[in-house]
Amino acid sequence: MSTWDLDGLRADIEAINFSLLDLLSRRARLVTEIHAIKSARNIPLFVPAREEQMLERLVARNEGPFSDAAIRGLFKEIFRASLDLQETQAAQTLMVGRERRPHDLVITVKDAVIGGPAPVLIAGPCSVEGEEQMEQVARLCVETGVKLLRGGAFKPRSSPYSFQGLGARGLELLARTARRHGLATVTEVTDTRLVGLVAEHADVLQIGARNMHNVELLREVGRTRRPVLLKRGLAATIEEFLFSAEYIIAEGNDQIILCERGIRTYETATRNTLDIAAVPLLRQRSYLPVVVDVSHAAGRRDILAPLGRAALAAGASGLMVEVHPAPHLARSDAEQQLDFAAFRCFCAATGFTPPA
Ligand code: PEP
Ligand code: MN
């Protein structure tokens with residue numbers, strides 16, 4: 001074979017490479033189109049049976065010189081790259097993503113409007129502890145214009161030896177007290193088996209930080225038609241936080257409130273580090289309302305007002321704060337709950353003015 005021939009053959013190979021590249025790019029564009037249709041219809045991206053069928057047809061047509069195994073290997077790579085493309089696309093066009101909806105989502109719960117022009121305050125004790133405690137807090141809410149009463153009945157405590165909440169009795173107590181005073185309730189649901197019960201009693205289902213990655217729980221609250229307050233995980237990135245919201249919306253529930261509540265860092269002066277940047281970033285990436293839980297972020301009561309002001313300045317649609325008639329006697333988070341006088345100061349300092 002002459003040198004000239006070799007050059008010619010090399011040129012042929014190069015031309016085939018380019019043709020293959022063009023074909024692969026065309027294939028990838030079709031994959032992208034299929035992805036758009038699949039995501040609009042909620043069809044799974046990866047269907048192993050369909051992939052196997054395509055491989056079988058290719059092998060049946062293969063006349064060599066590549067072995068069937070080599071053909072399988074080559075096409076599996078192409079399929080893999082196509083799926084990666086679809087998954088990247090899906091991650092970039094989340095159902096909770098801003099691209100899907102230019103306007104902010106407004107969630108109405110009884111008399112409270114979350115994500116509207118005015119910020120909301122969610123207040124109440126860390127845990128529901130008893131009739132008298134809840135009655136006093138509810139009265140304070142009415143006095144200060146708070147429309148969303150919080151209180152944990154099922155408490156996912158860091159230590160199994162700490163108070164775990166009053167459970168179903170606490171749930172009923174919270175609901176009864178709120179009803180008497182015309183308030184809406186926010187309470188945590190910790191387990192898929194409890195979603196039905198909690199949804200029966202509460203107006204907003206809270207997913208706690210420790211459960212943000214609990215996919216089955218996210219799906220289960222996604223199947224209800226109750227608004228969900230989704231807290232950011234202790235060590236979750238903003239992307240992971242939005243993925244968790246995506247699990248909820250994928251089941252048909254778009255009534256999701258994102259709650260920044262501080263993340264774990266090396267800092268020990270606060271219980272967690274309030275990630276203020278998360279507020280504008282979440283709002284940039286999603287149309288869902290964002291609220292900030294200053295109490296769990298700080299883990300102390302002396303800096304809640306400036307944190308609240310910072311959160312609102314950063315674009316939060318509301319704040320969550322823990323308040324207790326006698327914080328030093330509280331059965332959980334005693335060191336961070338505000339007493340009533342401090343709560344009134346907090347409201348004044350963060351611009352929540354009592355009703356006239
Ligand atoms: C709570 O709000 O009661 C709570 C336990 O908060 P987090 O899940 O953010 O720790
Ligand atoms: Mn608490």
# chains A, B, ... in the order shown; residues from 1 in each chain; ligands from 1
call {"tool": "residues_near_ligand", "arguments": {"ligand": "ligand 2", "cutoff": "12 Å", "atoms": "only C-alpha atoms and all ligand atoms", "output": "CSV table (one decimal) with C-alpha atoms, in the first residue's frame"}}
result
chain,number,residue,atom,x,y,z
A,123,ALA,CA,-45.2,31.7,65.6
A,124,GLY,CA,-45.7,29.3,68.4
A,125,PRO,CA,-43.9,27.0,70.8
A,126,CYS,CA,-41.3,24.5,69.8
A,127,SER,CA,-43.5,21.7,71.2
A,128,VAL,CA,-47.2,21.5,72.1
A,150,ARG,CA,-46.9,26.5,65.0
A,151,GLY,CA,-46.3,23.7,67.5
A,152,GLY,CA,-44.7,20.3,67.3
A,153,ALA,CA,-46.7,17.3,68.4
A,154,PHE,CA,-44.3,14.8,66.9
A,155,LYS,CA,-40.8,15.9,67.8
A,156,PRO,CA,-37.8,14.4,66.0
A,157,ARG,CA,-35.3,15.2,68.7
A,158,SER,CA,-31.6,14.8,68.3
A,163,PHE,CA,-39.1,14.8,75.1
A,164,GLN,CA,-40.6,13.4,71.9
A,165,GLY,CA,-43.8,15.4,71.9
A,187,THR,CA,-47.0,21.2,62.6
A,188,GLU,CA,-44.4,18.6,61.7
A,208,GLY,CA,-38.4,18.9,59.4
A,209,ALA,CA,-34.7,19.4,58.6
A,261,ARG,CA,-33.4,27.3,59.0
A,271,ARG,CA,-26.7,26.5,66.8
A,293,ASP,CA,-36.9,30.1,60.7
A,294,VAL,CA,-34.7,32.4,62.8
A,295,SER,CA,-35.1,30.4,66.0
A,296,HIS,CA,-33.6,27.1,64.8
A,297,ALA,CA,-31.0,29.0,62.8
A,298,ALA,CA,-29.7,30.9,65.8
A,299,GLY,CA,-30.5,28.5,68.7
A,300,ARG,CA,-30.5,31.5,70.9
A,301,ARG,CA,-33.0,34.3,71.6
A,320,MET,CA,-40.9,31.5,61.7
A,321,VAL,CA,-40.1,32.1,65.4
A,322,GLU,CA,-40.6,30.1,68.6
A,323,VAL,CA,-42.4,31.6,71.5
A,324,HIS,CA,-43.4,30.1,74.8
A,327,PRO,CA,-39.3,29.5,77.9
A,330,ALA,CA,-40.1,24.6,77.9
A,331,ARG,CA,-39.7,20.9,77.3
A,332,SER,CA,-37.7,21.5,74.1
A,333,ASP,CA,-35.5,24.3,72.8
A,334,ALA,CA,-35.8,26.2,76.1
A,335,GLU,CA,-32.7,28.3,75.2
A,336,GLN,CA,-34.1,29.8,72.0
A,337,GLN,CA,-37.8,30.4,72.6
A,338,LEU,CA,-38.9,34.0,73.2
call {"tool": "select_by_dssp", "arguments": {"residues": "segment 138-235 of chain A", "states": "helix (DSSP H, G or I)", "output": "PyMOL selection string"}}
result
chain A and resi 138-144+168-181+192-201+209-211+215-222
call {"tool": "write_last_selection", "arguments": {"atoms": "N, CA and C atoms", "output": "CSV table (one decimal), in the first residue's frame"}}
result
chain,number,residue,atom,x,y,z
A,138,ALA,N,-51.9,31.2,71.7
A,138,ALA,CA,-52.9,31.5,70.7
A,138,ALA,C,-53.4,32.9,70.9
A,139,ARG,N,-53.7,33.3,72.2
A,139,ARG,CA,-54.1,34.6,72.5
A,139,ARG,C,-53.1,35.7,72.1
A,140,LEU,N,-51.8,35.3,72.3
A,140,LEU,CA,-50.8,36.2,71.9
A,140,LEU,C,-50.8,36.4,70.4
A,141,CYS,N,-51.0,35.3,69.7
A,141,CYS,CA,-51.0,35.4,68.2
A,141,CYS,C,-52.1,36.3,67.8
A,142,VAL,N,-53.3,36.2,68.4
A,142,VAL,CA,-54.4,37.1,68.0
A,142,VAL,C,-54.1,38.5,68.3
A,143,GLU,N,-53.5,38.7,69.5
A,143,GLU,CA,-53.1,40.1,69.9
A,143,GLU,C,-52.1,40.7,68.9
A,144,THR,N,-51.2,39.9,68.4
A,144,THR,CA,-50.1,40.5,67.6
A,144,THR,C,-50.4,40.4,66.1
A,168,ALA,N,-50.4,12.3,69.0
A,168,ALA,CA,-51.8,12.6,68.5
A,168,ALA,C,-52.5,13.5,69.5
A,169,ARG,N,-52.3,13.4,70.8
A,169,ARG,CA,-52.9,14.3,71.7
A,169,ARG,C,-52.5,15.7,71.5
A,170,GLY,N,-51.3,15.9,71.2
A,170,GLY,CA,-50.7,17.3,70.9
A,170,GLY,C,-51.3,17.9,69.6
A,171,LEU,N,-51.5,17.0,68.7
A,171,LEU,CA,-52.1,17.4,67.4
A,171,LEU,C,-53.5,17.9,67.6
A,172,GLU,N,-54.3,17.2,68.4
A,172,GLU,CA,-55.7,17.6,68.6
A,172,GLU,C,-55.7,18.9,69.4
A,173,LEU,N,-54.8,19.0,70.3
A,173,LEU,CA,-54.7,20.2,71.2
A,173,LEU,C,-54.4,21.4,70.3
A,174,LEU,N,-53.5,21.2,69.5
A,174,LEU,CA,-53.1,22.3,68.6
A,174,LEU,C,-54.3,22.7,67.7
A,175,ALA,N,-54.9,21.7,67.1
A,175,ALA,CA,-56.0,22.0,66.2
A,175,ALA,C,-57.2,22.7,66.9
A,176,ARG,N,-57.5,22.2,68.1
A,176,ARG,CA,-58.6,22.7,68.9
A,176,ARG,C,-58.4,24.2,69.3
A,177,THR,N,-57.2,24.4,69.8
A,177,THR,CA,-56.8,25.8,70.2
A,177,THR,C,-56.9,26.7,69.0
A,178,ALA,N,-56.3,26.3,67.9
A,178,ALA,CA,-56.3,27.2,66.7
A,178,ALA,C,-57.7,27.5,66.2
A,179,ARG,N,-58.5,26.5,66.2
A,179,ARG,CA,-59.9,26.6,65.8
A,179,ARG,C,-60.6,27.7,66.6
A,180,ARG,N,-60.4,27.6,67.9
A,180,ARG,CA,-61.1,28.5,68.9
A,180,ARG,C,-60.7,30.0,68.6
A,181,HIS,N,-59.5,30.2,68.0
A,181,HIS,CA,-59.0,31.5,67.8
A,181,HIS,C,-58.9,31.9,66.3
A,192,THR,N,-44.3,8.6,57.3
A,192,THR,CA,-45.3,8.4,56.2
A,192,THR,C,-46.6,7.9,56.8
A,193,ARG,N,-46.5,7.1,57.9
A,193,ARG,CA,-47.7,6.5,58.5
A,193,ARG,C,-48.5,7.5,59.2
A,194,LEU,N,-48.0,8.7,59.5
A,194,LEU,CA,-48.7,9.7,60.2
A,194,LEU,C,-49.3,10.8,59.3
A,195,VAL,N,-48.9,10.8,58.0
A,195,VAL,CA,-49.3,11.9,57.1
A,195,VAL,C,-50.9,12.0,57.1
A,196,GLY,N,-51.6,10.9,57.0
A,196,GLY,CA,-53.1,11.0,57.0
A,196,GLY,C,-53.6,11.7,58.3
A,197,LEU,N,-53.1,11.3,59.4
A,197,LEU,CA,-53.6,11.8,60.7
A,197,LEU,C,-53.2,13.3,60.8
A,198,VAL,N,-52.0,13.6,60.5
A,198,VAL,CA,-51.6,15.0,60.6
A,198,VAL,C,-52.3,15.9,59.6
A,199,ALA,N,-52.5,15.4,58.4
A,199,ALA,CA,-53.3,16.2,57.4
A,199,ALA,C,-54.7,16.4,57.8
A,200,GLU,N,-55.2,15.5,58.6
A,200,GLU,CA,-56.6,15.6,59.1
A,200,GLU,C,-56.7,16.8,60.1
A,201,HIS,N,-55.7,17.0,60.9
A,201,HIS,CA,-55.7,18.0,61.9
A,201,HIS,C,-55.0,19.3,61.6
A,209,ALA,N,-36.1,19.4,59.2
A,209,ALA,CA,-34.7,19.4,58.6
A,209,ALA,C,-34.2,18.0,58.5
A,210,ARG,N,-34.5,17.2,59.6
A,210,ARG,CA,-33.9,15.9,59.6
A,210,ARG,C,-34.6,14.9,58.6
A,211,ASN,N,-35.7,15.4,58.1
A,211,ASN,CA,-36.4,14.5,57.1
A,211,ASN,C,-36.4,15.0,55.7
A,215,VAL,N,-37.3,10.6,51.1
A,215,VAL,CA,-38.0,10.6,49.8
A,215,VAL,C,-39.5,10.1,50.0
A,216,GLU,N,-39.6,9.0,50.7
A,216,GLU,CA,-41.0,8.5,50.8
A,216,GLU,C,-41.9,9.4,51.5
A,217,LEU,N,-41.4,10.1,52.5
A,217,LEU,CA,-42.2,11.1,53.3
A,217,LEU,C,-42.6,12.3,52.4
A,218,LEU,N,-41.6,12.7,51.6
A,218,LEU,CA,-41.9,13.8,50.6
A,218,LEU,C,-42.9,13.4,49.6
A,219,ARG,N,-42.9,12.2,49.1
A,219,ARG,CA,-43.9,11.7,48.2
A,219,ARG,C,-45.2,11.7,48.9
A,220,GLU,N,-45.3,11.2,50.1
A,220,GLU,CA,-46.5,11.0,50.8
A,220,GLU,C,-47.2,12.4,51.0
A,221,VAL,N,-46.5,13.4,51.5
A,221,VAL,CA,-47.1,14.7,51.6
A,221,VAL,C,-47.4,15.3,50.3
A,222,GLY,N,-46.7,14.9,49.2
A,222,GLY,CA,-47.0,15.3,47.9
A,222,GLY,C,-48.3,14.8,47.4
call {"tool": "residues_around", "arguments": {"residues": "Leu312 of chain A", "least_positions_apart": "3", "cutoff": "12 Å", "atoms": "only C-alpha atoms", "output": "ChimeraX atom specification"}}
result
/A:115,117-121,276-277,279-280,290-294,305-309,315-320,349-352
call {"tool": "select_by_dssp", "arguments": {"residues": "segment 86-123 of chain A", "states": "strand (DSSP E)", "output": "ChimeraX atom specification"}}
result
/A:107-109,112-114,120-123
call {"tool": "closest_residue", "arguments": {"among": "A:Thr270, A:Ser286, A:Gln89, A:Gln255", "to": "Thr108 of chain A", "atoms": "only C-alpha atoms"}}
result
A:Gln255
call {"tool": "residues_around", "arguments": {"residues": "segment 236-246 of chain A", "least_positions_apart": "6", "cutoff": "9 Å", "atoms": "only C-alpha atoms", "output": "count of residues only"}}
result
22
call {"tool": "closest_residue", "arguments": {"among": "A:Val146, A:Leu9, A:Ala314, A:Leu234", "to": "ligand 1", "atoms": "only C-alpha atoms and all ligand atoms"}}
result
A:Leu234
call {"tool": "closest_residue", "arguments": {"among": "A:Leu329, A:Ala356, A:Ile43, A:Leu288", "to": "Arg98 of chain A", "atoms": "only C-alpha atoms"}}
result
A:Leu288
call {"tool": "closest_atom_pairs", "arguments": {"of": "segment 81-159 of chain A", "to": "segment 68-76 of chain A", "cutoff": "12 Å", "atoms": "only C-alpha atoms", "output": "JSON lines"}}
result
{"residue": "A:Ala81", "atom": "CA", "partner": "A:Lys76", "partner_atom": "CA", "distance": 8.6}
{"residue": "A:Ser82", "atom": "CA", "partner": "A:Lys76", "partner_atom": "CA", "distance": 9.7}
{"residue": "A:Leu83", "atom": "CA", "partner": "A:Lys76", "partner_atom": "CA", "distance": 10.4}
call {"tool": "closest_residue", "arguments": {"among": "A:Ile303, A:Val186, A:Leu105, A:Val113", "to": "Leu274 of chain A", "atoms": "only C-alpha atoms"}}
result
A:Ile303
